[in-house]
Amino acid sequence: MREKVLEITNRTLEELKTCQDSQALEQLRVRVLGKKGELTSILRGMGQVEPEMRPKVGQWVNEARETIENAISESQKEIAKREKEKRLQAEAIDVTLPVNDRSAGSLHPMTLVLEELFDIFTGMGFEAVEGPEVEFDHYNFELMNIPKNHPARDAQDTFYIDDNIVLRTHTSPVQARIMTTRKPPIRIVSFGRVYRADEADATHSPVFHQLEGLVIDENISMGDLKGTLDTFARRLYGDGVTTRFRPSFFPFTEPSAEVDLTCAACRGKGCRICKDTGWIEVLGSGMVNPKVLEMCGIDSKKYSGFAFGMGVERLANLKYNVPDMRYLYENDIRFLKHFRG
Amino acid sequence: MKAPMKWLNEYTKINMPAEEYARRMIMTGTAVEGWENTAKFTNVVVGYVKTCEMHPDSDHLHVCTVDVGAENDLQIVCGAPNVHAGAYVCCALEGAELPGGVKIKHGKIRGVESFGMLCSGPELDVPSDLYPHCGEEGIILLKEEVKPGTDVCEIFGLGDDVIEYEILANRPDCLSVWGVARESATVLGEHFVMPEIAYNEKGKGKFDDYAKVIVEDEVNCPRYCARVITNVKIGPSPKWMREYLHGAGVRSINNIVDITNFVMLETGHPMHAFDLSKVREQTIVVRRAHEGEELTTLDGKTHKLTGEMLVIADKEKATGLAGIMGGEESEIVNDTASVLFECAAFERGNNRVTARSLGIRTESSGRFEKGVCAETAMQALDRACMLVEMLNCGDIVPGAYDNYPNPKEKKIVKASCERIRRRIGVNVDVEKMEDILLSLNIETELDGDTLTCEIPAYRVDIEGEADLSEEILRLYGYDAIPSTLMNGVTMAGKRHEAQSFNAGVKRALVGMGYFETQSFSFVSPKWIEKLNLSEGDPRLNTVVIRNPLGEDTSVMRTTLVPSMLNSLSLNMNRGNADAKLMEISPVFMPAENDGELPKEVPTLLIAMYGNGADFFTLKETVLCLLERYGLKPYVSAGGDNYYHPGRKALLTLRGGSVKLGQMGEIHPDVAEAFDMTARAYVAEIDITALKNCQLPIPAVKPLPKYQAVSRDIALVADEAVPAGDLMAAIEKAAGKLCEGVKLFDVYRGERLGEGKKSLAFSIIFRSPDHTLTEQEITSAMDKILKTSEKNFGAVIRA
């Protein structure tokens with residue numbers, strides 16, 4: 001009897017090795033361990049076994065069952081693992097297949113540059129303010145010391161709505177509005193769209209953007225203006241970038257200065273972008289003309305201030321090298337997709 | 001403004017290369033645009049043609065032996081028919097560069113060696129007013145017997161550097177050779193030396209015997225000076241004068257006209273010369289034009305004048321536009337015998353308006369509108385007389401006419417040295433300040449901290465302390481400005497509230513794959529018309545630009561839609577498969593009352609077309625965006641005419657009391673009008689309403705602990721019943737325990753009957769504090785069924 005049990009055990013273990021899937025395994029289990037299985041039938045035929053042998057046979061069979069069950073369980077795990085692997089393999093995909101029609105979205109380059117400028121100036125304690133784009137001549141020109149028929153108006157070809165209302169030619173009227181309604185200290189940046197009667201071409205647009213800053217307080221000097229713009233230059237283009245002031249004229253500032261920044265592309269060594277000068281003209285600035293302060297109701301003996309302004313398109317152009325200004329306003333998606341932010 | 005170096009050097013010393021000079025001028029506030037040599041060639045010398053034989057292998061070429069002042073004569077092949085032995089010619093030597101980038105090399109012409117080139121006028125680009133014979137056929141044959149080897153520039157009066165300045169609007173005094181020479185002298189630390197003005201009055205009689213001047217409008221003509229010249233001999237100007245004029249960009253005409261131009265360029269005072277014989281009754285009247293009066297100017301154009309315009313007239317009629325352009329009638333001609341020179345000051349505002357409204361811009365009007373100093377008008381006229389004598393082209397009649405009723409008083413400006421220092425941020429001591437001011441011909445007196453300055457009449461720009469600060473700083477050097485930190489209270493920087501909000505909205509949309517656009521604020525009224533708005537729609541009433549660039553940019557937009565449709569159309573027509581775009585910009589609604597500014601209303605536009613674009617994708621975007629601000633709009637069918645009648649929706653908030661906007665598919669007619677080739681979807685949202693209605697993020701509630709129960713029902717309703725409305729009613733009827741309602745199926749079929757649809761909803765119930773009982777759910781479902789039937793006629797599907 002012992003031989004028979006051993007024979008079944010060994011044969012089963014042998015057969016187990018050939019089982020390739022869980023189905024075959026189950027069949028084998030039923031054949032050997034099932035109710036009518038080979039091993040079970042030995043227990044069933046216990047009646048024919050001599051009584052003193054019965055515990056022994058029982059023990060042999062149980063030991064054999066345990067061995068087989070363990071072996072089957074092992075095989076089961078093995079097969080399950082193999083089957084899972086097979087399934088995962090079958091589920092493999094070609095990850096290089098393209099994704100169609102995605103749209104990542106982006107802000108407009110003008111907004112991207114403005115956001116950067118805002119971060120810099122709000123970080124320096126400036127408050128960003130806004131004003132109307134259709135503006136009174138009074139704020140746009142007269143309070144900026146540009147009276148009617150002043151030749152300086154030629155430089156800013158103006159769109160008129162009527163004799164007293166214009167499309168603002170610069171963001172300075174916002175400054176005038178602040179100066180006439182607030183008391184110093186004032187530290188603001190105004191920004192937005194401005195309008196000049198220039199036909200649109202690669203380098204001109206009748207609609208463009210400006211950002212201007214204004215500081216009014218006691219004892220503000222040209223040195224403070226330089227300090228502020230030096231900081232601005234470093235934040236914009238990194239350490240080592242500085243400013244160069246050149247005398248100039250604006251009706252609303254005195255003294256006035258054109259401000260060049262170290263060319264960010266060549267760090268002042270001279271390149272194609274800065275036409276070998278090492279400098280890029282970026283800003284107009286100066287000390288607020290006392291006449292402007294007085295017209296706005298600020299005591300020019302007590303207070304002084306500085307103002308500066310820059311064209312945002314110019315900065316965008318320096319940053320992104322936009323080959324044609326019209327790109328900025330025709331909204332071809334291929335151009336817009338160039339940006340990310 | 002252009003000024004030849006030689007001319008400048010007559011009055012000061014500029015002893016340095018143009019580049020260095022330009023740098024120093026720029027850094028002290030005079031913009032130098034560039035410089036150019038008047039000679040457009042190099043290495044061209046006078047040659048003497050010793051022999052001239054026919055080329056052995058040609059019927060028109062000549063082989064010449066040319067003496068160019070060097071040891072060896074040159075053999076040169078020349079094709080010009082007028083070349084001959086004994087001629088003095090312009091010979092371009094080997095290595096010469098000619099206009100147009102031509103370089104002269106030695107070479108063989110039909111087998112004969114040639115070591116240079118004999119040049120024609122056009123080949124050297126010599127203007128005929130400088131050298132009259134150079135325009136003739138063939139090569140230039142010099143009239144002078146000049147030593148071979150001499151640089152031909154000397155003969156033509158070329159070779160000088162001409163500096164081009166861009167004079168700033170506050171420095172009209174620099175719009176002249178004297179002006180920039182004076183400024184250069186200050187900058188370079190040199191002296192400015194004016195010519196000594198003296199001449200003899202050789203003419204017979206006196207001014208009044210020849211002419212009479214009546215100034216009727218002394219406001220617009222604050223000064224009028226005149227002189228009479230008799231025995232005028234019209235002829236060419238001398239070479240030096242032609243050379244200077246050419247350098248400054250003015251063509252030489254004849255001696256008298258050249259003198260007026262020369263004086264204008266040199267002194268900044270525009271002048272005019274009248275042929276006295278053509279002036280009726282020899283009387284000059286300075287007056288306003290009669291309304292509608294006609295005048296033909298020197299350029300042959302006839303203008304109709306208005307009563308504001310200042311004219312120069314004779315007894316009968318207007319003959320010239322004061323300070324702008326003379327008339328044809330009294331023009332200087334070859335037989336002009338007596339001349340009246342005018343040197344006047346005209347009011348700049350009036351001058352500018354007249355010039356602009358007639359569309360004329362001349363050297364003269366350009367100067368007057370920037371401001372010409374009345375004080376120095378007589379000096380300029382004297383300079384002209386001096387030149388008449390120098391050129392020996394007439395006799396100056398004794399006595400001048402000068403009407404200058406209100407001479408300007410001496411301009412005194414007081415300034416505090418301390419305040420100047422504080423302003424410029426540079427510690428300049430008083431002595432240095434006084435030195436600088438003196439170099440600008442500003443006499444100063446110091447009393448304590450106060451500088452009293454006498455400003456020269458020509459410096460119209462210096463009016464106060466701030467102007468003196470600039471003068472001191474620019475000549476001290478802007479490089480000296482230190483970089484300092486502002487003192488005083490620290491200020492918290494911040495953004496404009498609306499601007500921050502808009503930035504958030506834009507960022508949210510970028511996250512959903514949209515690209516921000518920017519479009520012009522002005523549009524064509526036709527584009528708005530294309531939207532097919534109802535009559536009386538406020539958007540049809542626009543703010544109109546009085547002087548637009550063109551119709552397409554002539555009115556301020558009252559809606560962003562046309563701009564966006566144009567952007568979409570542009571993308572479609574350029575073959576871009578799809579686009580998701582958005583823009584936040586103001587629209588401009590006319591003010592209710594005259595004299596007020598239009599209302600600027602910021603508006604958000606979202607648009608899409610192409611792959612995956614349909615009404616519901618856009619609706620998803622809109623709802624997602626609103627959800628970010630805690631808002632769930634009420635969506636109902638409806639909207640403007642430019643949307644598809646069956647695919648448009650109104651968005652409202654707070655029970656319909658707040659109109660948030662609208663959205664839909666663009667109507668095919670409108671799409672066609674905008675040349676759009678695909679269906680497009682647009683949503684318009686009032687960003688201010690969105691900002692005002694936004695809800696704060698509420699406090700967090702505990703997450704539910706109890707199981708949710710869901711019940712499905714299918715309701716049959718008329719086709720016209722809006723599913724959204726029914727769904728909202730179900731949610732409301734279900735009461736507090738309802739966590740949400742989902743529409744999971746819409747079915748239409750024969751069995752339901754025509755005009756019917758079945759809507760299948762899944763309703764989810766949950767209580768925060770207990771497990772729901774069957775009774776609670778049944779009661780809620782009953783209410784749902786009742787409401788559906790009562791309000792929508794929707795019954796449970798059999």
# chains A, B, ... in the order shown; residues from 1 in each chain; ligands from 1

$ residues_around --residues "Arg267 (chain A)" --least-positions-apart "5" --cutoff "10 Å" --atoms "only C-alpha atoms" --output "PyMOL selection string"
chain A and resi 237-242+261-262+278-279

$ closest_atom_pairs --of "chain A" --to "chain B" --cutoff "6 Å" --atoms "only C-alpha atoms" --output "CSV"
residue,atom,partner,partner_atom,distance
A:Ser103,CA,B:Gly513,CA,4.8
A:Ala104,CA,B:Gly513,CA,4.6
A:Gly105,CA,B:Gly513,CA,3.9
A:Ser106,CA,B:Phe515,CA,4.7
A:Leu107,CA,B:Glu516,CA,4.9
A:His108,CA,B:Glu516,CA,5.0
A:Thr122,CA,B:Gly493,CA,4.2
A:Gly125,CA,B:Gly493,CA,3.7
A:Phe126,CA,B:Gly493,CA,4.4
A:Glu127,CA,B:Gly493,CA,4.6
A:Ala128,CA,B:Arg495,CA,4.8
A:Val129,CA,B:His496,CA,5.6
A:Asn149,CA,B:Gly349,CA,5.1
A:Phe159,CA,B:Asn547,CA,5.9
A:Tyr160,CA,B:Arg546,CA,5.4
A:Ile161,CA,B:Ile545,CA,4.8
A:Ser221,CA,B:Arg423,CA,4.6
A:Met222,CA,B:Ile424,CA,4.8
A:Gly223,CA,B:Gly425,CA,4.9
A:Asp224,CA,B:Thr484,CA,4.8
A:Lys226,CA,B:Ser483,CA,5.1
A:Gly227,CA,B:Ser483,CA,4.0
A:Phe245,CA,B:Tyr478,CA,5.9
A:Arg246,CA,B:Met27,CA,5.5
A:Pro247,CA,B:Gly29,CA,4.4
A:Ser248,CA,B:Gly29,CA,5.5
A:Glu254,CA,B:Ala466,CA,5.6
A:Pro255,CA,B:Glu470,CA,4.4
A:Tyr329,CA,B:Ser519,CA,5.0
A:Asn331,CA,B:Thr517,CA,5.7
A:Asp332,CA,B:Asn571,CA,5.7

$ select_by_dssp --residues "region 54-173 of chain A" --states "alpha helix (DSSP H)" --output "PyMOL selection string"
chain A and resi 54-90+109-123+137-140+172-173

$ select_by_dssp --residues "region 369-416 of chain B" --states "strand (DSSP E)" --output "PyMOL selection string"
chain B and resi 395-396+401-403+411-416

$ write_last_selection --atoms "N, CA and C atoms" --output "mmCIF file, in the first residue's frame"
data_model
loop_
_atom_site.group_PDB
_atom_site.id
_atom_site.type_symbol
_atom_site.label_atom_id
_atom_site.label_comp_id
_atom_site.auth_asym_id
_atom_site.auth_seq_id
_atom_site.Cartn_x
_atom_site.Cartn_y
_atom_site.Cartn_z
ATOM 1 N N ASP B 395 22.873 146.494 -54.552
ATOM 2 C CA ASP B 395 23.189 147.589 -53.635
ATOM 3 C C ASP B 395 22.156 147.642 -52.531
ATOM 4 N N ILE B 396 22.661 147.730 -51.292
ATOM 5 C CA ILE B 396 21.758 147.744 -50.147
ATOM 6 C C ILE B 396 21.264 149.165 -49.935
ATOM 7 N N TYR B 401 13.268 148.311 -42.507
ATOM 8 C CA TYR B 401 11.965 148.347 -41.854
ATOM 9 C C TYR B 401 12.027 147.354 -40.697
ATOM 10 N N ASP B 402 11.560 147.750 -39.537
ATOM 11 C CA ASP B 402 11.558 146.826 -38.394
ATOM 12 C C ASP B 402 10.348 147.093 -37.529
ATOM 13 N N ASN B 403 9.403 146.184 -37.529
ATOM 14 C CA ASN B 403 8.226 146.328 -36.662
ATOM 15 C C ASN B 403 8.311 145.266 -35.568
ATOM 16 N N LYS B 411 15.367 137.711 -19.916
ATOM 17 C CA LYS B 411 14.805 136.615 -19.137
ATOM 18 C C LYS B 411 15.746 136.297 -17.977
ATOM 19 N N ILE B 412 15.202 136.462 -16.770
ATOM 20 C CA ILE B 412 15.986 136.173 -15.569
ATOM 21 C C ILE B 412 15.378 134.948 -14.874
ATOM 22 N N VAL B 413 16.219 133.973 -14.587
ATOM 23 C CA VAL B 413 15.739 132.794 -13.865
ATOM 24 C C VAL B 413 16.538 132.666 -12.580
ATOM 25 N N LYS B 414 15.803 132.496 -11.470
ATOM 26 C CA LYS B 414 16.490 132.303 -10.191
ATOM 27 C C LYS B 414 16.411 130.838 -9.803
ATOM 28 N N ALA B 415 17.503 130.368 -9.185
ATOM 29 C CA ALA B 415 17.526 128.956 -8.817
ATOM 30 C C ALA B 415 18.312 128.767 -7.535
ATOM 31 N N SER B 416 17.922 127.744 -6.800
ATOM 32 C CA SER B 416 18.656 127.401 -5.589
ATOM 33 C C SER B 416 19.671 126.311 -5.918
#

$ residues_around --residues "Glu443 (chain B)" --least-positions-apart "4" --cutoff "6 Å" --atoms "only C-alpha atoms" --output "ChimeraX atom specification"
/B:438,453-454

$ write_last_selection --atoms "N, CA and C atoms" --output "short mmCIF file (atom, residue, chain, number, x, y, z; two decimals), in the first residue's frame"
data_model
loop_
_atom_site.label_atom_id
_atom_site.label_comp_id
_atom_site.auth_asym_id
_atom_site.auth_seq_id
_atom_site.Cartn_x
_atom_site.Cartn_y
_atom_site.Cartn_z
N LEU B 438 28.14 129.73 -17.68
CA LEU B 438 28.83 130.74 -18.48
C LEU B 438 29.17 130.18 -19.86
N CYS B 453 20.21 134.08 -12.93
CA CYS B 453 20.77 133.79 -14.25
C CYS B 453 20.08 134.61 -15.32
N GLU B 454 20.89 135.18 -16.21
CA GLU B 454 20.32 135.89 -17.33
C GLU B 454 20.41 134.97 -18.55
#

$ residues_around --residues "region 280-291 of chain A" --least-positions-apart "4" --cutoff "9 Å" --atoms "only C-alpha atoms" --output "PyMOL selection string"
(chain A and resi 143-145+214-216+220-222+225+248-264+273-275+295-296+298-301+303-311+314-315) or (chain B and resi 423-424+464-467)

$ write_last_selection --atoms "N, CA and C atoms" --output "compact mmCIF listing (two decimals), in the first residue's frame"
# COMPACT_ATOMS: atom_id res chain seq x y z
N LEU A 143 -1.89 118.40 -19.11
CA LEU A 143 -1.24 118.20 -17.80
C LEU A 143 0.16 117.63 -17.96
N MET A 144 0.47 117.13 -19.15
CA MET A 144 1.82 116.62 -19.42
C MET A 144 2.67 117.71 -20.06
N ASN A 145 2.22 118.94 -19.94
CA ASN A 145 2.98 120.08 -20.45
C ASN A 145 3.12 120.06 -21.97
N LEU A 214 6.03 106.15 -11.93
CA LEU A 214 6.06 107.50 -11.37
C LEU A 214 6.32 107.41 -9.88
N VAL A 215 7.27 108.22 -9.42
CA VAL A 215 7.53 108.30 -7.99
C VAL A 215 7.50 109.77 -7.60
N ILE A 216 6.73 110.11 -6.59
CA ILE A 216 6.77 111.49 -6.09
C ILE A 216 6.88 111.44 -4.57
N ILE A 220 13.33 113.43 -3.87
CA ILE A 220 13.61 112.41 -4.89
C ILE A 220 14.60 113.03 -5.89
N SER A 221 15.64 112.27 -6.24
CA SER A 221 16.66 112.82 -7.14
C SER A 221 16.85 111.94 -8.36
N MET A 222 17.60 112.49 -9.28
CA MET A 222 17.96 111.77 -10.50
C MET A 222 18.73 110.48 -10.13
N LEU A 225 16.31 107.83 -9.49
CA LEU A 225 15.82 107.30 -10.77
C LEU A 225 16.80 106.25 -11.29
N SER A 248 18.11 113.98 -22.90
CA SER A 248 17.08 113.99 -23.93
C SER A 248 16.04 115.03 -23.58
N PHE A 249 14.95 115.00 -24.30
CA PHE A 249 13.88 115.97 -24.01
C PHE A 249 12.52 115.30 -24.04
N PHE A 250 11.77 115.48 -22.99
CA PHE A 250 10.35 115.17 -22.97
C PHE A 250 9.67 116.35 -22.28
N PRO A 251 8.51 116.74 -22.76
CA PRO A 251 7.88 117.94 -22.18
C PRO A 251 7.56 117.77 -20.70
N PHE A 252 7.34 116.53 -20.27
CA PHE A 252 6.87 116.31 -18.90
C PHE A 252 7.98 116.02 -17.90
N THR A 253 9.23 115.97 -18.37
CA THR A 253 10.33 115.75 -17.44
C THR A 253 11.45 116.76 -17.69
N GLU A 254 12.19 117.06 -16.63
CA GLU A 254 13.29 118.01 -16.73
C GLU A 254 14.17 117.86 -15.49
N PRO A 255 15.38 117.41 -15.56
CA PRO A 255 16.07 116.93 -16.74
C PRO A 255 15.45 115.62 -17.25
N SER A 256 15.69 115.35 -18.53
CA SER A 256 15.19 114.14 -19.15
C SER A 256 16.36 113.26 -19.58
N ALA A 257 16.11 111.98 -19.67
CA ALA A 257 17.18 111.07 -20.09
C ALA A 257 16.62 109.92 -20.90
N GLU A 258 17.32 109.59 -21.97
CA GLU A 258 17.08 108.32 -22.64
C GLU A 258 17.93 107.31 -21.88
N VAL A 259 17.39 106.15 -21.64
CA VAL A 259 18.13 105.17 -20.86
C VAL A 259 18.43 103.93 -21.69
N ASP A 260 19.70 103.60 -21.77
CA ASP A 260 20.12 102.39 -22.45
C ASP A 260 20.41 101.32 -21.40
N LEU A 261 20.11 100.07 -21.74
CA LEU A 261 20.48 98.95 -20.86
C LEU A 261 21.61 98.19 -21.52
N THR A 262 22.47 97.64 -20.70
CA THR A 262 23.51 96.76 -21.24
C THR A 262 22.84 95.72 -22.12
N CYS A 263 23.35 95.53 -23.30
CA CYS A 263 22.76 94.55 -24.22
C CYS A 263 22.80 93.17 -23.56
N ALA A 264 21.61 92.59 -23.39
CA ALA A 264 21.54 91.31 -22.67
C ALA A 264 22.12 90.18 -23.50
N ILE A 273 22.59 92.61 -32.34
CA ILE A 273 21.36 93.16 -31.76
C ILE A 273 21.56 94.60 -31.29
N CYS A 274 22.71 94.88 -30.66
CA CYS A 274 22.94 96.24 -30.16
C CYS A 274 23.74 97.06 -31.17
N LYS A 275 23.86 96.59 -32.37
CA LYS A 275 24.62 97.25 -33.43
C LYS A 275 26.03 97.61 -32.94
N MET A 295 0.68 121.88 -12.13
CA MET A 295 -0.62 121.76 -12.82
C MET A 295 -1.48 120.69 -12.17
N CYS A 296 -0.82 119.68 -11.58
CA CYS A 296 -1.58 118.60 -10.94
C CYS A 296 -1.84 118.89 -9.47
N ILE A 298 0.43 119.66 -7.05
CA ILE A 298 1.44 119.19 -6.10
C ILE A 298 2.50 120.28 -5.94
N ASP A 299 2.85 120.58 -4.71
CA ASP A 299 3.81 121.65 -4.41
C ASP A 299 5.21 121.25 -4.90
N SER A 300 5.67 121.91 -5.95
CA SER A 300 6.94 121.49 -6.54
C SER A 300 8.14 121.97 -5.74
N LYS A 301 7.91 122.85 -4.78
CA LYS A 301 9.03 123.27 -3.92
C LYS A 301 9.28 122.19 -2.87
N TYR A 303 7.95 118.85 -3.10
CA TYR A 303 8.06 117.49 -3.64
C TYR A 303 8.80 117.48 -4.97
N SER A 304 9.47 116.38 -5.21
CA SER A 304 10.03 116.15 -6.54
C SER A 304 9.75 114.70 -6.89
N GLY A 305 9.99 114.36 -8.11
CA GLY A 305 9.68 112.99 -8.48
C GLY A 305 10.33 112.62 -9.79
N PHE A 306 10.29 111.35 -10.09
CA PHE A 306 10.79 110.93 -11.40
C PHE A 306 9.75 110.07 -12.10
N ALA A 307 9.91 109.98 -13.39
CA ALA A 307 9.00 109.17 -14.19
C ALA A 307 9.82 108.46 -15.24
N PHE A 308 9.35 107.30 -15.65
CA PHE A 308 10.02 106.60 -16.74
C PHE A 308 8.97 105.84 -17.53
N GLY A 309 9.28 105.54 -18.76
CA GLY A 309 8.31 104.83 -19.58
C GLY A 309 9.01 103.97 -20.62
N MET A 310 8.36 102.88 -20.96
CA MET A 310 8.98 102.01 -21.96
C MET A 310 7.91 101.36 -22.83
N GLY A 311 8.31 101.02 -24.03
CA GLY A 311 7.41 100.31 -24.94
C GLY A 311 7.51 98.82 -24.68
N ARG A 314 8.73 96.67 -27.57
CA ARG A 314 10.19 96.70 -27.76
C ARG A 314 10.85 95.63 -26.89
N LEU A 315 10.39 95.56 -25.64
CA LEU A 315 10.97 94.55 -24.73
C LEU A 315 10.65 93.15 -25.22
N ARG B 423 18.06 117.77 -6.87
CA ARG B 423 17.31 117.28 -8.03
C ARG B 423 18.15 116.33 -8.88
N ILE B 424 19.38 116.78 -9.15
CA ILE B 424 20.19 115.96 -10.05
C ILE B 424 20.91 114.84 -9.30
N GLY B 464 13.05 127.75 -15.96
CA GLY B 464 13.07 127.62 -14.50
C GLY B 464 14.26 126.81 -14.02
N GLU B 465 14.21 126.57 -12.73
CA GLU B 465 15.28 125.87 -12.05
C GLU B 465 15.53 124.47 -12.63
N ALA B 466 14.42 123.79 -12.96
CA ALA B 466 14.56 122.43 -13.47
C ALA B 466 15.35 122.44 -14.78
N ASP B 467 15.10 123.46 -15.61
CA ASP B 467 15.81 123.54 -16.89
C ASP B 467 17.29 123.81 -16.66

$ residues_around --residues "region 47-64 of chain A" --least-positions-apart "5" --cutoff "8 Å" --atoms "only C-alpha atoms" --output "CSV table (one decimal) with C-alpha atoms, in the first residue's frame"
chain,number,residue,atom,x,y,z
A,1,MET,CA,0.0,0.0,0.0
A,2,ARG,CA,2.8,2.3,0.9
A,5,VAL,CA,0.7,5.9,-2.3
A,6,LEU,CA,4.3,6.8,-3.2
A,9,THR,CA,2.6,10.9,-5.3
A,39,LEU,CA,-5.7,9.2,-3.5
A,42,ILE,CA,-7.4,4.7,-1.2

$ residues_around --residues "Val187 (chain B)" --least-positions-apart "2" --cutoff "9 Å" --atoms "only C-alpha atoms" --output "PDB file with N, CA, C and O atoms, in the first residue's frame"
ATOM      1  N   ARG B  24      30.466 112.768 -28.240  1.00  0.00           N
ATOM      2  CA  ARG B  24      30.426 113.824 -27.223  1.00  0.00           C
ATOM      3  C   ARG B  24      29.150 114.636 -27.306  1.00  0.00           C
ATOM      4  O   ARG B  24      28.615 115.057 -26.279  1.00  0.00           O
ATOM      5  N   MET B  25      28.657 114.833 -28.518  1.00  0.00           N
ATOM      6  CA  MET B  25      27.408 115.575 -28.659  1.00  0.00           C
ATOM      7  C   MET B  25      26.234 114.752 -28.110  1.00  0.00           C
ATOM      8  O   MET B  25      25.376 115.274 -27.406  1.00  0.00           O
ATOM      9  N   THR B  28      25.870 114.726 -24.436  1.00  0.00           N
ATOM     10  CA  THR B  28      25.454 115.990 -23.812  1.00  0.00           C
ATOM     11  C   THR B  28      24.103 116.450 -24.339  1.00  0.00           C
ATOM     12  O   THR B  28      23.701 117.586 -24.096  1.00  0.00           O
ATOM     13  N   ARG B 182      27.543 126.808 -31.814  1.00  0.00           N
ATOM     14  CA  ARG B 182      27.570 127.362 -30.451  1.00  0.00           C
ATOM     15  C   ARG B 182      27.469 126.241 -29.424  1.00  0.00           C
ATOM     16  O   ARG B 182      28.206 126.186 -28.447  1.00  0.00           O
ATOM     17  N   GLU B 183      26.555 125.298 -29.684  1.00  0.00           N
ATOM     18  CA  GLU B 183      26.396 124.169 -28.777  1.00  0.00           C
ATOM     19  C   GLU B 183      27.666 123.303 -28.766  1.00  0.00           C
ATOM     20  O   GLU B 183      28.136 122.878 -27.707  1.00  0.00           O
ATOM     21  N   SER B 184      28.241 123.111 -29.949  1.00  0.00           N
ATOM     22  CA  SER B 184      29.474 122.312 -30.030  1.00  0.00           C
ATOM     23  C   SER B 184      30.591 122.976 -29.246  1.00  0.00           C
ATOM     24  O   SER B 184      31.356 122.309 -28.541  1.00  0.00           O
ATOM     25  N   ALA B 185      30.696 124.298 -29.390  1.00  0.00           N
ATOM     26  CA  ALA B 185      31.744 125.021 -28.673  1.00  0.00           C
ATOM     27  C   ALA B 185      31.604 124.815 -27.171  1.00  0.00           C
ATOM     28  O   ALA B 185      32.584 124.559 -26.458  1.00  0.00           O
ATOM     29  N   GLY B 189      34.341 122.742 -25.191  1.00  0.00           N
ATOM     30  CA  GLY B 189      35.202 123.696 -24.484  1.00  0.00           C
ATOM     31  C   GLY B 189      35.933 124.632 -25.436  1.00  0.00           C
ATOM     32  O   GLY B 189      37.040 125.092 -25.149  1.00  0.00           O
ATOM     33  N   GLU B 190      35.344 124.906 -26.577  1.00  0.00           N
ATOM     34  CA  GLU B 190      35.946 125.815 -27.556  1.00  0.00           C
ATOM     35  C   GLU B 190      35.184 127.141 -27.559  1.00  0.00           C
ATOM     36  O   GLU B 190      34.195 127.300 -26.858  1.00  0.00           O
ATOM     37  N   SER B 439      29.537 128.912 -19.894  1.00  0.00           N
ATOM     38  CA  SER B 439      29.853 128.308 -21.191  1.00  0.00           C
ATOM     39  C   SER B 439      28.623 128.269 -22.087  1.00  0.00           C
ATOM     40  O   SER B 439      28.712 128.095 -23.293  1.00  0.00           O
ATOM     41  N   LEU B 475      26.006 118.923 -19.004  1.00  0.00           N
ATOM     42  CA  LEU B 475      27.376 119.321 -19.315  1.00  0.00           C
ATOM     43  C   LEU B 475      28.367 118.811 -18.267  1.00  0.00           C
ATOM     44  O   LEU B 475      29.545 118.625 -18.548  1.00  0.00           O
TER      45      LEU B 475
END

$ residues_around --residues "region 215-230 of chain B" --least-positions-apart "2" --cutoff "8 Å" --atoms "only C-alpha atoms" --output "PyMOL selection string"
chain B and resi 203+207+210-211+213+232+285-288+310+337-347+350+374+377-378+381+394-397+399-406

$ closest_residue --among "B:Asp669, B:Asp161, B:Glu113, B:Asp59" --to "Ala80 (chain B)" --atoms "only C-alpha atoms"
B:Asp59

$ closest_residue --among "A:Asp101, A:Glu14, A:Asp157, A:Glu142" --to "Pro206 (chain A)" --atoms "only C-alpha atoms"
A:Asp157
